[in-house]
Amino acid sequence: DAKTTQPNSMESNEEEPVHLPCNHSTISGTDYIHWYRQLPSQGPEYVIHGLTSNVNNRMASLAIAEDRKSSTLILHRATLRDAAVYYCILRDGNYGGSQGNLIFGKGTKLSVKP
Amino acid sequence: GAVVSQHPSWVICKSGTSVKIECRSLDFQATTMFWYRQFPKQSLMLMATSNEGSKATYEQGVEKDKFLINHASLTLSTLTVTSAHPEDSSFYICSAAGTGGWSTEAFFGQGTRLTVV
(Lines give C-alpha, C1' and ligand atoms only; values in the text may rest on other atoms or scores of the structure.)
Protein backbone atom coordinates (compact mmCIF):
# COMPACT_ATOMS: atom_id res chain seq x y z
CA ASP A 1 0.00 0.00 0.00
CA ALA A 2 1.12 3.52 -0.77
CA LYS A 3 2.35 5.37 2.30
CA THR A 4 1.43 8.81 1.05
CA THR A 5 -1.85 10.70 0.69
CA GLN A 6 -2.49 13.18 -2.09
CA PRO A 7 -5.57 14.97 -3.41
CA ASN A 8 -7.05 13.21 -6.42
CA SER A 9 -7.00 16.30 -8.59
CA MET A 10 -6.08 19.96 -8.70
CA GLU A 11 -6.54 22.78 -11.14
CA SER A 12 -4.27 25.65 -11.93
CA ASN A 13 -4.15 28.58 -14.30
CA GLU A 14 -1.29 28.89 -16.70
CA GLU A 15 1.65 30.94 -15.46
CA GLU A 16 0.48 30.79 -11.86
CA PRO A 17 2.24 28.89 -9.07
CA VAL A 18 0.95 25.48 -8.08
CA HIS A 19 1.34 23.86 -4.67
CA LEU A 20 0.80 20.12 -4.67
CA PRO A 21 0.49 18.70 -1.13
CA CYS A 22 1.45 15.27 0.14
CA ASN A 23 0.95 13.73 3.55
CA HIS A 24 3.25 10.99 4.78
CA SER A 25 2.64 10.72 8.49
CA THR A 26 4.35 7.32 8.84
CA ILE A 27 7.61 8.38 7.22
CA SER A 28 10.73 6.78 8.69
CA GLY A 29 14.06 8.42 9.28
CA THR A 30 15.65 6.89 6.19
CA ASP A 31 12.78 7.56 3.79
CA TYR A 32 13.46 10.01 1.01
CA ILE A 33 10.50 11.94 -0.42
CA HIS A 34 10.37 11.53 -4.17
CA TRP A 35 8.15 13.24 -6.70
CA TYR A 36 7.53 11.95 -10.20
CA ARG A 37 5.06 12.98 -12.83
CA GLN A 38 3.47 11.07 -15.67
CA LEU A 39 2.15 12.53 -18.86
CA PRO A 40 -0.46 10.53 -20.78
CA SER A 41 0.93 7.39 -22.43
CA GLN A 42 4.45 8.01 -21.13
CA GLY A 43 6.62 6.56 -18.40
CA PRO A 44 6.99 8.56 -15.18
CA GLU A 45 9.47 11.40 -15.14
CA TYR A 46 11.60 12.33 -12.15
CA VAL A 47 10.80 15.75 -10.72
CA ILE A 48 12.61 16.17 -7.43
CA HIS A 49 13.46 14.42 -4.19
CA GLY A 50 14.69 15.32 -0.74
CA LEU A 51 15.27 14.04 2.77
CA THR A 52 14.95 16.86 5.29
CA SER A 53 15.86 20.20 3.76
CA ASN A 54 13.93 22.05 1.11
CA VAL A 55 15.20 21.39 -2.40
CA ASN A 56 15.17 23.39 -5.60
CA ASN A 57 15.92 22.37 -9.16
CA ARG A 58 15.10 23.65 -12.60
CA MET A 59 11.72 21.94 -12.63
CA ALA A 60 10.33 22.61 -9.17
CA SER A 61 10.86 23.18 -5.48
CA LEU A 62 10.18 20.76 -2.68
CA ALA A 63 9.18 22.10 0.71
CA ILE A 64 9.44 19.56 3.52
CA ALA A 65 7.72 20.11 6.84
CA GLU A 66 9.94 20.24 9.89
CA ASP A 67 8.46 16.99 11.25
CA ARG A 68 8.70 15.48 7.73
CA LYS A 69 5.14 14.26 7.90
CA SER A 70 4.13 16.31 4.91
CA SER A 71 5.67 17.97 1.90
CA THR A 72 4.66 20.28 -0.92
CA LEU A 73 5.78 20.25 -4.51
CA ILE A 74 5.87 23.76 -5.91
CA LEU A 75 5.71 24.54 -9.59
CA HIS A 76 6.57 28.21 -9.76
CA ARG A 77 4.85 28.98 -13.04
CA ALA A 78 2.56 26.31 -14.40
CA THR A 79 2.53 25.72 -18.12
CA LEU A 80 0.21 23.60 -20.22
CA ARG A 81 3.01 21.04 -20.47
CA ASP A 82 2.89 20.59 -16.70
CA ALA A 83 -0.54 18.95 -16.92
CA ALA A 84 0.14 15.45 -15.65
CA VAL A 85 -0.38 13.06 -12.76
CA TYR A 86 2.04 13.87 -9.95
CA TYR A 87 3.13 11.11 -7.61
CA CYS A 88 4.60 11.63 -4.16
CA ILE A 89 6.49 8.51 -3.09
CA LEU A 90 8.60 7.52 -0.11
CA ARG A 91 11.73 5.58 -0.85
CA ASP A 92 13.97 3.99 1.76
CA GLY A 93 17.46 5.39 1.31
CA ASN A 94 19.18 2.30 2.66
CA TYR A 95 20.96 0.64 -0.22
CA GLY A 96 19.66 -2.70 -1.32
CA GLY A 97 16.57 -4.71 -0.52
CA SER A 98 13.03 -4.35 -1.72
CA GLN A 99 12.51 -1.20 0.33
CA GLY A 100 14.01 0.72 -2.52
CA ASN A 101 11.04 -0.07 -4.72
CA LEU A 102 8.93 2.85 -5.75
CA ILE A 103 5.36 2.09 -4.76
CA PHE A 104 2.96 4.37 -6.60
CA GLY A 105 -0.26 5.65 -5.10
CA LYS A 106 -2.99 7.27 -7.14
CA GLY A 107 -1.25 10.63 -7.38
CA THR A 108 -2.72 14.04 -8.10
CA LYS A 109 -3.98 14.82 -11.56
CA LEU A 110 -3.03 18.39 -12.30
CA SER A 111 -5.02 20.28 -14.91
CA VAL A 112 -3.67 23.59 -16.24
CA LYS A 113 -6.06 26.06 -17.78
CA PRO A 114 -4.85 28.55 -20.38
CA GLY B 1 19.90 12.83 -16.77
CA ALA B 2 20.28 9.12 -17.18
CA VAL B 3 18.28 7.43 -19.91
CA VAL B 4 16.29 4.24 -19.81
CA SER B 5 15.02 2.98 -23.12
CA GLN B 6 12.25 0.48 -23.71
CA HIS B 7 11.55 -1.40 -26.88
CA PRO B 8 9.11 -1.73 -28.49
CA SER B 9 6.96 1.31 -27.69
CA TRP B 10 3.88 -0.59 -28.67
CA VAL B 11 3.08 -4.10 -29.82
CA ILE B 12 0.00 -5.98 -30.94
CA CYS B 13 0.04 -9.74 -30.69
CA LYS B 14 -2.34 -12.62 -31.11
CA SER B 15 -3.73 -14.42 -28.12
CA GLY B 16 -1.53 -17.36 -27.14
CA THR B 17 1.71 -15.92 -28.44
CA SER B 18 4.62 -14.55 -26.42
CA VAL B 19 5.99 -11.03 -26.44
CA LYS B 20 9.37 -9.79 -25.25
CA ILE B 21 9.92 -6.27 -23.98
CA GLU B 22 13.44 -4.91 -23.58
CA CYS B 23 14.60 -2.33 -21.08
CA ARG B 24 18.05 -0.80 -21.45
CA SER B 25 19.96 1.65 -19.33
CA LEU B 26 21.84 3.64 -21.92
CA ASP B 27 24.44 5.55 -19.93
CA PHE B 28 24.71 3.88 -16.55
CA GLN B 29 24.87 0.44 -15.03
CA ALA B 30 21.70 -0.74 -13.41
CA THR B 31 22.15 -3.63 -11.01
CA THR B 32 18.46 -3.47 -10.22
CA MET B 33 15.54 -2.81 -12.52
CA PHE B 34 11.85 -2.75 -11.77
CA TRP B 35 8.91 -3.76 -13.93
CA TYR B 36 5.52 -2.11 -13.59
CA ARG B 37 2.15 -2.58 -15.23
CA GLN B 38 -0.45 0.12 -15.61
CA PHE B 39 -4.07 -0.36 -16.64
CA PRO B 40 -6.10 2.55 -18.04
CA LYS B 41 -6.86 5.29 -15.51
CA GLN B 42 -4.97 3.41 -12.79
CA SER B 43 -1.64 3.89 -11.12
CA LEU B 44 1.51 1.90 -11.74
CA MET B 45 1.62 -1.49 -10.09
CA LEU B 46 4.99 -3.04 -9.31
CA MET B 47 5.26 -6.49 -10.85
CA ALA B 48 8.79 -7.57 -10.05
CA THR B 49 12.28 -6.51 -9.10
CA SER B 50 15.03 -7.66 -11.41
CA ASN B 51 18.59 -8.07 -10.17
CA GLU B 52 21.48 -8.60 -12.55
CA GLY B 53 22.64 -12.18 -12.54
CA SER B 54 19.97 -13.55 -10.23
CA LYS B 55 16.34 -14.50 -10.25
CA ALA B 56 13.74 -11.80 -10.20
CA THR B 57 11.58 -11.17 -7.16
CA TYR B 58 7.90 -11.09 -8.00
CA GLU B 59 5.19 -9.22 -6.16
CA GLN B 60 2.31 -11.16 -4.69
CA GLY B 61 -0.21 -12.18 -7.30
CA VAL B 62 2.15 -11.89 -10.26
CA GLU B 63 2.72 -15.20 -12.03
CA LYS B 64 6.44 -15.75 -12.49
CA ASP B 65 5.91 -18.41 -15.14
CA LYS B 66 3.80 -16.06 -17.19
CA PHE B 67 5.95 -12.96 -16.86
CA LEU B 68 9.51 -14.12 -17.42
CA ILE B 69 12.19 -11.65 -16.43
CA ASN B 70 15.82 -11.90 -17.44
CA HIS B 71 18.48 -9.46 -16.31
CA ALA B 72 21.56 -10.90 -17.92
CA SER B 73 23.67 -7.76 -18.00
CA LEU B 74 24.04 -4.48 -16.14
CA THR B 75 22.33 -2.60 -18.95
CA LEU B 76 19.57 -4.92 -20.11
CA SER B 77 16.52 -6.48 -18.55
CA THR B 78 13.78 -8.21 -20.51
CA LEU B 79 10.18 -9.04 -19.68
CA THR B 80 8.52 -11.81 -21.68
CA VAL B 81 4.78 -12.15 -21.50
CA THR B 82 4.16 -15.79 -22.31
CA SER B 83 0.93 -17.14 -23.79
CA ALA B 84 -0.54 -13.68 -23.79
CA HIS B 85 -4.27 -13.19 -23.41
CA PRO B 86 -6.44 -10.10 -23.85
CA GLU B 87 -6.43 -9.46 -20.11
CA ASP B 88 -2.65 -8.99 -20.33
CA SER B 89 -3.18 -5.94 -22.49
CA SER B 90 -1.66 -3.10 -20.54
CA PHE B 91 1.06 -0.46 -20.39
CA TYR B 92 4.32 -2.00 -19.18
CA ILE B 93 7.01 0.26 -17.76
CA CYS B 94 10.52 -0.47 -16.57
CA SER B 95 12.64 1.52 -14.18
CA ALA B 96 16.26 1.51 -13.09
CA ALA B 97 17.84 2.98 -10.00
CA GLY B 98 20.63 5.48 -10.22
CA THR B 99 24.11 4.36 -9.30
CA GLY B 100 23.96 6.20 -5.99
CA GLY B 101 21.63 3.66 -4.49
CA TRP B 102 18.13 4.13 -3.26
CA SER B 103 18.75 7.70 -2.11
CA THR B 104 18.94 8.84 -5.72
CA GLU B 105 16.26 9.19 -8.32
CA ALA B 106 14.88 6.37 -10.42
CA PHE B 107 14.70 6.55 -14.18
CA PHE B 108 11.85 5.19 -16.22
CA GLY B 109 11.48 3.90 -19.72
CA GLN B 110 8.88 5.39 -21.99
CA GLY B 111 6.65 2.37 -21.58
CA THR B 112 5.37 -0.38 -23.88
CA ARG B 113 1.73 -0.55 -24.86
CA LEU B 114 0.77 -4.20 -25.26
CA THR B 115 -2.47 -5.11 -26.99
CA VAL B 116 -3.45 -8.76 -27.20
CA VAL B 117 -6.12 -9.56 -29.77
# chains A, B, ... in the order shown; residues from 1 in each chain; ligands from 1
$ residues_around --residues "Ile12 (chain B)" --least-positions-apart "6" --cutoff "7 Å" --atoms "only C-alpha atoms" --output "PyMOL selection string"
chain B and resi 114-116
$ interface_residues --of "chain A" --to "chain B" --cutoff "8 Å" --atoms "only C-alpha atoms" --output "PyMOL selection string"
chain A and resi 32+34+41-46+48-49+91-96+98+100-107
$ select_by_dssp --residues "region 27-74 of chain A" --states "strand (DSSP E or B)" --output "number ranges by chain"
A: 31-38, 45-50, 55-56, 61-64, 70-74
$ residues_around --residues "His71 (chain B)" --least-positions-apart "6" --cutoff "7 Å" --atoms "only C-alpha atoms" --output "PDB file with all heavy atoms, in the first residue's frame"
ATOM      1  N   SER B  50      14.085  -6.869 -10.633  1.00  0.00           N
ATOM      2  CA  SER B  50      15.027  -7.656 -11.409  1.00  0.00           C
ATOM      3  C   SER B  50      16.451  -7.305 -11.012  1.00  0.00           C
ATOM      4  O   SER B  50      16.836  -6.144 -11.094  1.00  0.00           O
ATOM      5  CB  SER B  50      14.800  -7.356 -12.892  1.00  0.00           C
ATOM      6  OG  SER B  50      15.876  -7.778 -13.688  1.00  0.00           O
ATOM      7  N   ASN B  51      17.197  -8.281 -10.556  1.00  0.00           N
ATOM      8  CA  ASN B  51      18.590  -8.066 -10.174  1.00  0.00           C
ATOM      9  C   ASN B  51      19.524  -8.768 -11.150  1.00  0.00           C
ATOM     10  O   ASN B  51      19.299  -9.925 -11.499  1.00  0.00           O
ATOM     11  CB  ASN B  51      18.843  -8.594  -8.766  1.00  0.00           C
ATOM     12  CG  ASN B  51      18.106  -7.789  -7.723  1.00  0.00           C
ATOM     13  OD1 ASN B  51      18.371  -6.608  -7.541  1.00  0.00           O
ATOM     14  ND2 ASN B  51      17.172  -8.410  -7.045  1.00  0.00           N
ATOM     15  N   GLU B  52      20.534  -8.063 -11.575  1.00  0.00           N
ATOM     16  CA  GLU B  52      21.476  -8.603 -12.549  1.00  0.00           C
ATOM     17  C   GLU B  52      22.113  -9.889 -12.048  1.00  0.00           C
ATOM     18  O   GLU B  52      22.631  -9.934 -10.923  1.00  0.00           O
ATOM     19  CB  GLU B  52      22.545  -7.553 -12.861  1.00  0.00           C
ATOM     20  CG  GLU B  52      23.516  -7.956 -13.965  1.00  0.00           C
ATOM     21  CD  GLU B  52      24.777  -8.606 -13.436  1.00  0.00           C
ATOM     22  OE1 GLU B  52      25.124  -8.377 -12.264  1.00  0.00           O
ATOM     23  OE2 GLU B  52      25.412  -9.348 -14.203  1.00  0.00           O
ATOM     24  N   GLY B  53      21.992 -10.914 -12.852  1.00  0.00           N
ATOM     25  CA  GLY B  53      22.640 -12.177 -12.543  1.00  0.00           C
ATOM     26  C   GLY B  53      21.912 -13.069 -11.561  1.00  0.00           C
ATOM     27  O   GLY B  53      22.422 -14.129 -11.192  1.00  0.00           O
ATOM     28  N   SER B  77      17.469  -5.572 -19.179  1.00  0.00           N
ATOM     29  CA  SER B  77      16.518  -6.482 -18.545  1.00  0.00           C
ATOM     30  C   SER B  77      15.388  -6.706 -19.538  1.00  0.00           C
ATOM     31  O   SER B  77      15.009  -5.787 -20.271  1.00  0.00           O
ATOM     32  CB  SER B  77      15.966  -5.891 -17.252  1.00  0.00           C
ATOM     33  OG  SER B  77      14.978  -6.740 -16.681  1.00  0.00           O
ATOM     34  N   THR B  78      14.883  -7.929 -19.592  1.00  0.00           N
ATOM     35  CA  THR B  78      13.781  -8.212 -20.506  1.00  0.00           C
ATOM     36  C   THR B  78      12.615  -8.816 -19.745  1.00  0.00           C
ATOM     37  O   THR B  78      12.789  -9.547 -18.764  1.00  0.00           O
ATOM     38  CB  THR B  78      14.203  -9.189 -21.626  1.00  0.00           C
ATOM     39  OG1 THR B  78      14.616 -10.426 -21.045  1.00  0.00           O
ATOM     40  CG2 THR B  78      15.316  -8.607 -22.476  1.00  0.00           C
TER      41      THR B  78
END
$ residues_around --residues "Pro114 (chain A)" --least-positions-apart "3" --cutoff "10 Å" --atoms "only C-alpha atoms" --output "PyMOL selection string"
chain A and resi 12-15+78-80+111
$ closest_residue --among "B:Thr75, B:Val117, B:Thr31, B:Lys66" --to "Met47 (chain B)" --atoms "only C-alpha atoms"
B:Lys66
$ residues_around --residues "Ser83 (chain B)" --least-positions-apart "4" --cutoff "6 Å" --atoms "only C-alpha atoms" --output "PyMOL selection string"
chain B and resi 16-18
$ residues_around --residues "Glu11 (chain A)" --least-positions-apart "2" --cutoff "12 Å" --atoms "only C-alpha atoms" --output "list in words"
Pro7, Asn8, Ser9, Asn13, Glu14, Glu16, Pro17, Val18, His19, Leu20, Ala78, Thr79, Leu80, Asp82, Ala83, Ala84, Val85, Thr108, Lys109, Leu110, Ser111, Val112, Lys113 and Pro114 of chain A
$ residues_around --residues "Asn56 (chain A)" --least-positions-apart "3" --cutoff "12 Å" --atoms "only C-alpha atoms" --output "list of chain:residue names"
A:Val47, A:Ile48, A:His49, A:Gly50, A:Ser53, A:Met59, A:Ala60, A:Ser61, A:Leu62, A:Ala63, A:Ile64, A:Thr72, A:Leu73, A:Ile74, A:Leu75, A:His76
$ atom_distance --atom1 "CA of Glu22 (chain B)" --atom2 "CA of Val81 (chain B)"
11.5 Å
$ atom_distance --atom1 "CA of Val11 (chain B)" --atom2 "CA of Arg37 (chain B)"
14.7 Å
$ atom_distance --atom1 "CA of Leu26 (chain B)" --atom2 "CA of Val55 (chain A)"
27.2 Å
